[in-house]
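The data block below is model_0.cif; it holds mmCIF, C-alpha atoms.
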```cif
data_query
loop_
_atom_site.label_atom_id
_atom_site.label_comp_id
_atom_site.auth_asym_id
_atom_site.auth_seq_id
_atom_site.Cartn_x
_atom_site.Cartn_y
_atom_site.Cartn_z
CA MET S 892 0.00 0.00 0.00
CA ASP S 893 3.00 2.33 0.38
CA ILE S 894 3.19 2.49 -3.44
CA LEU S 895 -0.20 4.20 -3.57
CA LEU S 896 0.58 6.27 -0.50
CA ASN S 897 3.84 7.59 -1.96
CA TYR S 898 2.18 8.31 -5.31
CA MET S 899 -0.66 10.28 -3.71
CA ASP S 900 1.84 12.18 -1.58
CA GLN S 901 3.73 13.22 -4.72
CA VAL S 902 0.75 14.25 -6.85
CA LEU S 903 -1.74 15.55 -4.28
CA PHE S 904 -1.11 15.50 -0.53
CA THR S 905 2.33 17.15 -0.35
CA PRO S 906 1.93 19.87 -3.01
CA TYR S 907 -1.69 20.81 -2.32
CA ILE S 908 -2.95 19.56 1.06
CA TYR S 909 -0.37 19.48 3.84
CA PRO S 910 2.06 22.16 5.05
CA ASP S 911 5.78 21.60 4.40
CA THR S 912 6.35 21.16 8.14
CA TRP S 913 4.27 17.93 8.24
CA ARG S 914 6.61 15.19 7.02
CA GLU S 915 5.32 12.45 4.75
CA ASP S 916 6.45 9.72 7.15
CA GLU S 917 4.61 11.13 10.19
CA PRO S 918 2.38 8.31 11.54
CA LEU S 919 -0.77 10.44 11.96
CA ARG S 920 -0.47 11.83 8.44
CA GLN S 921 0.01 8.31 7.06
CA LEU S 922 -3.07 7.06 8.91
CA ILE S 923 -5.22 9.92 7.59
CA ASN S 924 -3.99 9.42 4.04
CA LEU S 925 -4.48 5.65 4.17
CA PHE S 926 -8.02 6.15 5.44
CA LEU S 927 -8.80 8.52 2.54
CA ILE S 928 -7.13 6.31 -0.08
CA THR S 929 -8.83 3.16 1.21
CA ASN S 930 -12.30 4.68 1.33
CA ILE S 931 -12.26 6.75 -1.85
CA GLY S 932 -10.26 4.22 -3.84
CA GLY S 933 -12.30 1.31 -2.52
CA ALA S 934 -15.61 3.01 -3.33
CA LEU S 935 -14.44 3.89 -6.85
CA LEU S 936 -13.19 0.35 -7.47
CA TYR S 937 -16.46 -1.12 -6.18
CA LEU S 938 -18.68 1.24 -8.19
CA SER S 939 -16.69 0.88 -11.41
CA CYS S 940 -16.51 -2.94 -11.27
CA ALA S 941 -20.13 -3.37 -10.19
CA THR S 942 -21.45 -0.87 -12.75
CA ALA S 943 -19.58 -2.49 -15.63
CA SER S 944 -20.69 -5.94 -14.53
CA TYR S 945 -24.29 -4.84 -14.03
CA PHE S 946 -24.68 -3.30 -17.49
CA PHE S 947 -22.57 -5.71 -19.54
CA LEU S 948 -22.67 -9.07 -17.76
CA PHE S 949 -25.50 -9.27 -15.25
CA ASP S 950 -28.48 -11.35 -16.34
CA HIS S 951 -31.30 -8.78 -16.05
CA GLN S 952 -33.88 -11.53 -16.34
CA LEU S 953 -33.05 -12.26 -12.70
CA LYS S 954 -34.79 -9.03 -11.73
CA LYS S 955 -38.07 -10.76 -12.59
CA HIS S 956 -37.45 -13.34 -9.87
CA PRO S 957 -40.11 -13.11 -7.13
CA LEU S 958 -37.36 -12.77 -4.48
CA PHE S 959 -35.84 -9.71 -6.17
CA ILE S 960 -36.52 -6.74 -3.87
CA LYS S 961 -38.03 -3.44 -4.97
CA ASN S 962 -35.28 -0.82 -5.44
CA GLN S 963 -32.76 -3.55 -4.68
CA VAL S 964 -29.84 -2.04 -6.62
CA LYS S 965 -30.21 1.27 -4.78
CA LEU S 966 -30.37 -0.53 -1.42
CA GLU S 967 -27.28 -2.63 -2.22
CA ILE S 968 -25.28 0.48 -3.09
CA GLN S 969 -26.48 2.40 -0.04
CA TYR S 970 -25.64 -0.45 2.31
CA THR S 971 -22.17 -0.90 0.79
CA LEU S 972 -21.30 2.81 0.99
CA TRP S 973 -22.45 2.87 4.62
CA SER S 974 -20.42 -0.23 5.48
CA VAL S 975 -17.12 0.50 3.70
CA PRO S 976 -15.91 3.28 6.07
CA TRP S 977 -16.44 0.99 9.07
CA ILE S 978 -14.68 -1.93 7.37
CA SER S 979 -11.81 0.40 6.50
CA ILE S 980 -10.94 1.17 10.15
CA PRO S 981 -9.28 -2.20 10.96
CA THR S 982 -8.17 -2.50 7.33
CA VAL S 983 -6.29 0.80 7.52
CA ALA S 984 -4.63 -0.38 10.74
CA LEU S 985 -3.20 -3.35 8.80
CA PHE S 986 -2.22 -1.13 5.86
CA PHE S 987 -0.43 1.15 8.34
CA LEU S 988 1.59 -1.80 9.67
CA GLU S 989 2.51 -2.66 6.08
CA VAL S 990 3.67 0.89 5.38
CA ARG S 991 5.73 0.94 8.58
CA GLY S 992 7.59 -2.17 7.44
CA TYR S 993 6.06 -4.91 9.58
CA SER S 994 4.86 -7.08 6.68
CA LYS S 995 6.81 -9.43 4.39
CA LEU S 996 6.14 -7.32 1.29
CA TYR S 997 9.20 -6.49 -0.80
CA ASP S 998 10.00 -4.01 -3.59
CA GLN S 999 12.53 -5.62 -5.90
CA ILE S 1000 11.90 -8.77 -7.91
CA GLU S 1001 15.61 -9.52 -7.45
CA GLN S 1002 14.84 -10.18 -3.78
CA SER S 1003 13.05 -13.33 -4.94
CA PRO S 1004 15.56 -16.14 -5.71
CA LEU S 1005 13.37 -17.48 -8.53
CA GLY S 1006 12.41 -14.12 -10.01
CA TRP S 1007 9.10 -13.88 -11.81
CA MET S 1008 8.57 -17.65 -11.59
CA LYS S 1009 8.29 -17.29 -7.83
CA GLU S 1010 5.82 -14.42 -8.26
CA LEU S 1011 3.64 -16.71 -10.36
CA ALA S 1012 3.88 -19.35 -7.63
CA ASN S 1013 3.05 -16.69 -5.01
CA PHE S 1014 -0.05 -15.75 -6.99
CA VAL S 1015 -1.26 -19.36 -7.03
CA PHE S 1016 -0.46 -19.91 -3.35
CA PHE S 1017 -2.20 -16.63 -2.38
CA VAL S 1018 -5.39 -17.74 -4.14
CA LEU S 1019 -5.32 -21.23 -2.60
CA PHE S 1020 -4.50 -19.95 0.89
CA THR S 1021 -7.19 -17.25 0.93
CA ASP S 1022 -9.77 -19.58 -0.63
CA MET S 1023 -9.25 -22.05 2.21
CA LEU S 1024 -9.51 -19.45 4.98
CA ILE S 1025 -12.49 -17.65 3.48
CA TYR S 1026 -14.38 -20.94 3.17
CA TRP S 1027 -14.07 -21.60 6.90
CA ILE S 1028 -14.69 -17.96 7.91
CA HIS S 1029 -17.75 -17.86 5.67
CA ARG S 1030 -19.03 -21.14 7.07
CA PHE S 1031 -18.44 -19.88 10.62
CA LEU S 1032 -20.50 -16.79 9.80
CA HIS S 1033 -23.38 -19.12 8.93
CA HIS S 1034 -23.42 -20.66 12.39
CA ARG S 1035 -26.84 -20.11 13.96
CA THR S 1036 -25.48 -18.02 16.83
CA ILE S 1037 -23.43 -15.77 14.51
CA TYR S 1038 -25.43 -15.54 11.30
CA LYS S 1039 -28.26 -13.25 12.39
CA HIS S 1040 -25.87 -10.72 13.93
CA PHE S 1041 -23.33 -10.30 11.14
CA HIS S 1042 -23.92 -12.25 7.92
CA LYS S 1043 -27.68 -12.03 7.49
CA PRO S 1044 -27.59 -8.50 5.95
CA HIS S 1045 -25.66 -9.88 2.96
CA HIS S 1046 -28.38 -12.49 2.45
CA THR S 1047 -31.04 -9.80 2.26
CA TRP S 1048 -30.21 -10.03 -1.44
CA LYS S 1049 -31.39 -13.55 -2.23
CA VAL S 1050 -31.10 -12.82 -5.94
CA PRO S 1051 -28.05 -10.52 -5.85
CA THR S 1052 -26.76 -8.10 -8.43
CA PRO S 1053 -23.08 -7.13 -8.78
CA PHE S 1054 -23.78 -4.22 -6.42
CA ALA S 1055 -24.37 -6.74 -3.61
CA SER S 1056 -20.77 -7.94 -3.90
CA HIS S 1057 -19.58 -5.65 -1.10
CA ALA S 1058 -22.86 -5.16 0.77
CA PHE S 1059 -21.73 -6.69 4.07
CA HIS S 1060 -22.14 -5.89 7.73
CA PRO S 1061 -18.80 -4.24 8.70
CA VAL S 1062 -17.73 -7.16 10.92
CA ASP S 1063 -18.64 -9.66 8.20
CA GLY S 1064 -16.87 -7.64 5.52
CA PHE S 1065 -13.65 -7.32 7.49
CA LEU S 1066 -13.56 -10.97 8.56
CA GLN S 1067 -13.94 -12.19 4.99
CA SER S 1068 -11.26 -9.79 3.77
CA ALA S 1069 -8.85 -10.55 6.64
CA PRO S 1070 -7.10 -13.49 4.86
CA TYR S 1071 -5.97 -11.15 2.08
CA HIS S 1072 -4.45 -8.67 4.51
CA THR S 1073 -2.91 -11.15 6.94
CA TYR S 1074 -1.28 -13.13 4.11
CA VAL S 1075 1.47 -10.52 3.67
CA PHE S 1076 2.40 -10.76 7.35
CA LEU S 1077 2.93 -14.51 7.00
CA PHE S 1078 4.44 -14.95 3.51
CA PRO S 1079 6.70 -12.85 1.23
CA LEU S 1080 4.97 -11.12 -1.66
CA HIS S 1081 5.97 -8.41 -4.13
CA LYS S 1082 4.17 -5.11 -3.55
CA VAL S 1083 2.98 -4.82 -7.15
CA THR S 1084 1.68 -8.40 -7.05
CA TYR S 1085 -0.20 -7.55 -3.85
CA LEU S 1086 -1.86 -4.48 -5.40
CA GLY S 1087 -2.74 -6.46 -8.52
CA LEU S 1088 -4.31 -9.20 -6.42
CA TYR S 1089 -6.28 -6.59 -4.48
CA VAL S 1090 -7.90 -5.43 -7.74
CA ILE S 1091 -8.44 -8.99 -9.03
CA VAL S 1092 -10.07 -10.07 -5.75
CA ASN S 1093 -12.53 -7.18 -5.95
CA MET S 1094 -13.32 -7.95 -9.57
CA TRP S 1095 -13.89 -11.62 -8.72
CA SER S 1096 -16.19 -10.71 -5.82
CA THR S 1097 -18.24 -8.66 -8.25
CA SER S 1098 -18.29 -11.36 -10.91
CA ILE S 1099 -19.75 -14.08 -8.67
CA HIS S 1100 -22.79 -11.86 -8.14
CA ASP S 1101 -23.58 -11.27 -11.82
CA GLY S 1102 -25.71 -14.39 -12.40
CA LEU S 1103 -23.52 -15.70 -15.23
CA PHE S 1104 -21.10 -18.62 -15.35
CA LEU S 1105 -18.52 -17.61 -17.92
CA VAL S 1106 -16.19 -20.53 -17.26
CA PRO S 1107 -15.00 -23.22 -19.71
CA LYS S 1108 -17.13 -26.35 -19.44
CA ALA S 1109 -14.20 -28.48 -18.31
CA LEU S 1110 -13.58 -26.16 -15.32
CA LYS S 1111 -17.19 -25.83 -14.15
CA PRO S 1112 -16.85 -28.60 -11.52
CA VAL S 1113 -13.77 -26.82 -10.11
CA ILE S 1114 -14.54 -23.08 -10.22
CA ASN S 1115 -16.95 -21.50 -7.75
CA GLY S 1116 -18.59 -19.09 -10.16
CA ALA S 1117 -21.71 -16.95 -10.18
CA SER S 1118 -24.10 -19.89 -10.56
CA ASN S 1119 -22.61 -21.57 -7.49
CA HIS S 1120 -22.80 -18.37 -5.49
CA THR S 1121 -26.38 -17.74 -6.57
CA VAL S 1122 -27.20 -21.15 -5.08
CA HIS S 1123 -25.55 -19.95 -1.87
CA HIS S 1124 -27.69 -16.82 -1.70
CA LEU S 1125 -30.86 -18.79 -2.31
CA TYR S 1126 -30.23 -21.74 0.00
CA PHE S 1127 -27.68 -20.39 2.50
CA ASP S 1128 -25.86 -23.54 3.62
CA PHE S 1129 -24.23 -24.56 0.34
CA ASN S 1130 -21.27 -23.30 -1.72
CA TYR S 1131 -19.34 -21.21 0.78
CA GLY S 1132 -16.19 -21.17 -1.36
CA GLN S 1133 -14.69 -18.06 -2.91
CA TYR S 1134 -12.79 -19.29 -5.97
CA PHE S 1135 -12.99 -23.07 -6.07
CA THR S 1136 -15.36 -25.85 -5.10
CA LEU S 1137 -12.59 -27.83 -3.37
CA TRP S 1138 -13.39 -26.92 0.22
CA ASP S 1139 -17.13 -27.24 -0.29
CA ARG S 1140 -16.53 -30.78 -1.55
CA ILE S 1141 -14.25 -31.54 1.42
CA GLY S 1142 -16.69 -29.97 3.87
CA GLY S 1143 -19.78 -31.60 2.37
CA SER S 1144 -21.40 -28.29 1.46
CA TYR S 1145 -21.11 -28.42 -2.32
CA LEU S 1146 -24.29 -28.25 -4.38
CA ASP S 1147 -24.13 -28.43 -8.18
CA PRO S 1148 -26.10 -25.44 -9.57
CA SER S 1149 -27.72 -27.76 -12.13
CA VAL S 1150 -29.22 -29.95 -9.37
CA LYS S 1151 -32.67 -29.03 -8.09
CA LEU S 1152 -32.57 -28.60 -4.33
CA PRO S 1153 -34.78 -31.13 -2.53
CA GLU S 1154 -37.58 -29.58 -0.49
CA GLU S 1155 -36.31 -31.05 2.79
CA ASN S 1156 -33.05 -29.07 2.47
CA LYS S 1157 -34.97 -25.80 2.66
CA VAL S 1158 -35.86 -26.23 6.32
CA TRP S 1159 -33.15 -24.00 7.72
CA LYS S 1160 -33.82 -21.41 5.05
CA ASN S 1161 -37.39 -21.10 6.31
CA LYS S 1162 -36.26 -20.91 9.93
CA ILE S 1163 -33.82 -18.01 9.47
CA ASN S 1164 -36.00 -15.86 7.21
#
```

Rendering of file as structure tokens:
Amino acid sequence: MDILLNYMDQVLFTPYIYPDTWREDEPLRQLINLFLITNIGGALLYLSCATASYFFLFDHQLKKHPLFIKNQVKLEIQYTLWSVPWISIPTVALFFLEVRGYSKLYDQIEQSPLGWMKELANFVFFVLFTDMLIYWIHRFLHHRTIYKHFHKPHHTWKVPTPFASHAFHPVDGFLQSAPYHTYVFLFPLHKVTYLGLYVIVNMWSTSIHDGLFLVPKALKPVINGASNHTVHHLYFDFNYGQYFTLWDRIGGSYLDPSVKLPEENKVWKNKIN
């Protein structure tokens, strides 16, 4: 995150906002700037990805579904923009630790003994690691004693649009994003790779709410796409995965989107509505 922080200092904060006496490396100034960058940048990334997905990819026939809420798109956006500043508070704390040098992020590709090949391996490991943790965090959030307090707001949208991709209760939103942020405190990763993954993760979160399944046929049993996630929104206790179906298959929570859900599996759905 220091790449963005330094860039914004050069083009905006130092020449136009702050007095010369307030150094760029002052902790309070860094915290303020990180809060602004995270909130404004996060909102712009969310709105741009969700808007593009909504107009060019989202299956608008889904809006005819009887569970689609009146003014749903407006409500999804409002809830997200209310939630993001709260989610950003602990997120900025982690970004601040990164900027102060407490993470394992590095600048130069030469610092990796295998060069770009290791960065490719880091990308794969990052996806696998976060997919595993998010599965179990997501499943935990569906526990009866937890669900109604934190995760239920996201399931207000039983037939979601891309604008529901970030419409989480603040605690829910931070917990499900925590694996991405904690990864860099556990494993080495190039700073540019980290920023790229941040954008890709947000784009993926948007895509699994667009109602389409634009995945090659051979990969459909492996990838947790929009069809799988739509099943999750409709029936709650299936398809918790983020990228792959692996952990759902291991945990016994996988449901093929092409399979009609038996009536007896809807019991819990009726209880928590």

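The nearest approach to Asp1101 in chain S among the residues S:Cys940, S:Leu896, S:Leu988, S:Ile1037, with all atoms listed in the file taken into account, belongs to S:Cys940.
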
For this session: Determine the residue membership of the PyMOL selection byres ((chain S and resi 970) around 9) for the file above and supply it as a PyMOL selection string.
Result: chain S and resi 965-969+971-975+1055+1057-1060

For this session: Write out as a PyMOL selection string the residues lying within 10 Å of range 1137-1147 of chain S, counting only C-alpha atoms and excluding same-chain residues fewer than 4 positions away.
Result: chain S and resi 1019+1022-1027+1030+1111-1115+1118-1119+1122-1123+1126+1128-1133+1151-1152

For this session: Determine the residue membership of the PyMOL selection byres ((chain S and resi 928) around 12) for the file above and supply it as a PyMOL selection string.
Result: chain S and resi 892-900+903-904+921-927+929-936+976+979+982-983+986-987

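The environment of His1072 in chain S within 10 Å, counting only C-alpha atoms and disregarding residues fewer than 2 places along the same chain, consists of S:Thr982, S:Leu985, S:Phe986, S:Glu989, S:Ser994, S:Thr1021, S:Phe1065, S:Ser1068, S:Ala1069, S:Pro1070, S:Tyr1074, S:Val1075, S:Phe1076, S:Leu1077, S:Tyr1085, S:Tyr1089.
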
For this session: For each of S:Ala1117, S:Leu948, S:Val902, S:Val990, take the minimum atom-to-atom distance to His1100 in chain S, counting only C-alpha atoms, then give the residue where this is smallest.
Result: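 Among S:Ala1117, S:Leu948, S:Val902, S:Val990, it is S:Ala1117 that comes nearest to His1100 in chain S.
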
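Here CA of Tyr907 in chain S and CA of Trp977 in chain S stand 27.2 Å from one another.
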
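CA of Val1083 in chain S is found 14.7 Å from CA of Met1008 in chain S.
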
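Take CA of Lys1009 in chain S and CA of Leu996 in chain S: the distance between them is 13.7 Å.
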
Problem set entry | Shortest interatomic distance to Gln952 in chain S - which of S:Ile1091, S:Val1106, S:Ile1099, S:Val1050, counting all atoms listed in the file | S:Val1050

Exercise. So, counting only C-alpha atoms, which residue among S:Leu1080, S:Ile978, S:Leu1032, S:Met1094 is closest to His1046 in chain S?
Worked result: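 Of the candidates, the smallest distance to His1046 in chain S is held by S:Leu1032.
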
For this session: Could you check which of S:Gln1067, S:Ser1098, S:Ser1056, S:Thr1047 is closest to Ile960 in chain S, using all atoms listed in the file?
Result: S:Thr1047

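Of the listed residues (S:Ile1000, S:Leu958, S:Leu938, S:Ile980), S:Ile1000 comes nearest to Thr1084 in chain S; the distances count all atoms listed in the file.
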
Can range 965-980 of chain S be brought up to N, CA, C and O atoms and written out as a tab-separated table (two decimals), in the frame of the given file?
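Final output, saved to out02.tsv:
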```tsv
chain	number	residue	atom	x	y	z
S	965	LYS	N	-30.43	0.08	-5.60
S	965	LYS	CA	-30.21	1.27	-4.78
S	965	LYS	C	-29.88	0.88	-3.34
S	965	LYS	O	-28.96	1.44	-2.73
S	966	LEU	N	-30.60	-0.09	-2.80
S	966	LEU	CA	-30.37	-0.53	-1.42
S	966	LEU	C	-29.01	-1.20	-1.27
S	966	LEU	O	-28.32	-1.00	-0.26
S	967	GLU	N	-28.60	-1.98	-2.27
S	967	GLU	CA	-27.28	-2.63	-2.22
S	967	GLU	C	-26.17	-1.58	-2.20
S	967	GLU	O	-25.21	-1.70	-1.42
S	968	ILE	N	-26.30	-0.57	-3.03
S	968	ILE	CA	-25.28	0.48	-3.09
S	968	ILE	C	-25.25	1.27	-1.78
S	968	ILE	O	-24.17	1.54	-1.22
S	969	GLN	N	-26.42	1.63	-1.28
S	969	GLN	CA	-26.48	2.40	-0.04
S	969	GLN	C	-25.86	1.63	1.12
S	969	GLN	O	-25.11	2.21	1.92
S	970	TYR	N	-26.18	0.34	1.21
S	970	TYR	CA	-25.64	-0.45	2.31
S	970	TYR	C	-24.12	-0.58	2.21
S	970	TYR	O	-23.40	-0.48	3.21
S	971	THR	N	-23.62	-0.78	0.99
S	971	THR	CA	-22.17	-0.90	0.79
S	971	THR	C	-21.46	0.40	1.19
S	971	THR	O	-20.46	0.36	1.92
S	972	LEU	N	-21.96	1.54	0.71
S	972	LEU	CA	-21.30	2.81	0.99
S	972	LEU	C	-21.39	3.20	2.46
S	972	LEU	O	-20.55	3.96	2.96
S	973	TRP	N	-22.40	2.67	3.17
S	973	TRP	CA	-22.45	2.87	4.62
S	973	TRP	C	-21.42	1.98	5.31
S	973	TRP	O	-20.75	2.39	6.27
S	974	SER	N	-21.25	0.77	4.82
S	974	SER	CA	-20.42	-0.23	5.48
S	974	SER	C	-18.93	-0.02	5.26
S	974	SER	O	-18.11	-0.25	6.17
S	975	VAL	N	-18.54	0.42	4.07
S	975	VAL	CA	-17.12	0.50	3.70
S	975	VAL	C	-16.29	1.33	4.68
S	975	VAL	O	-15.20	0.90	5.09
S	976	PRO	N	-16.74	2.52	5.11
S	976	PRO	CA	-15.91	3.28	6.07
S	976	PRO	C	-15.65	2.53	7.37
S	976	PRO	O	-14.56	2.64	7.95
S	977	TRP	N	-16.63	1.77	7.85
S	977	TRP	CA	-16.44	0.99	9.07
S	977	TRP	C	-15.47	-0.16	8.84
S	977	TRP	O	-14.60	-0.44	9.67
S	978	ILE	N	-15.61	-0.84	7.70
S	978	ILE	CA	-14.68	-1.93	7.37
S	978	ILE	C	-13.26	-1.38	7.25
S	978	ILE	O	-12.28	-2.05	7.61
S	979	SER	N	-13.14	-0.16	6.77
S	979	SER	CA	-11.81	0.40	6.50
S	979	SER	C	-11.01	0.68	7.78
S	979	SER	O	-9.78	0.79	7.72
S	980	ILE	N	-11.67	0.82	8.92
S	980	ILE	CA	-10.94	1.17	10.15
S	980	ILE	C	-9.91	0.09	10.51
S	980	ILE	O	-8.71	0.39	10.63
```
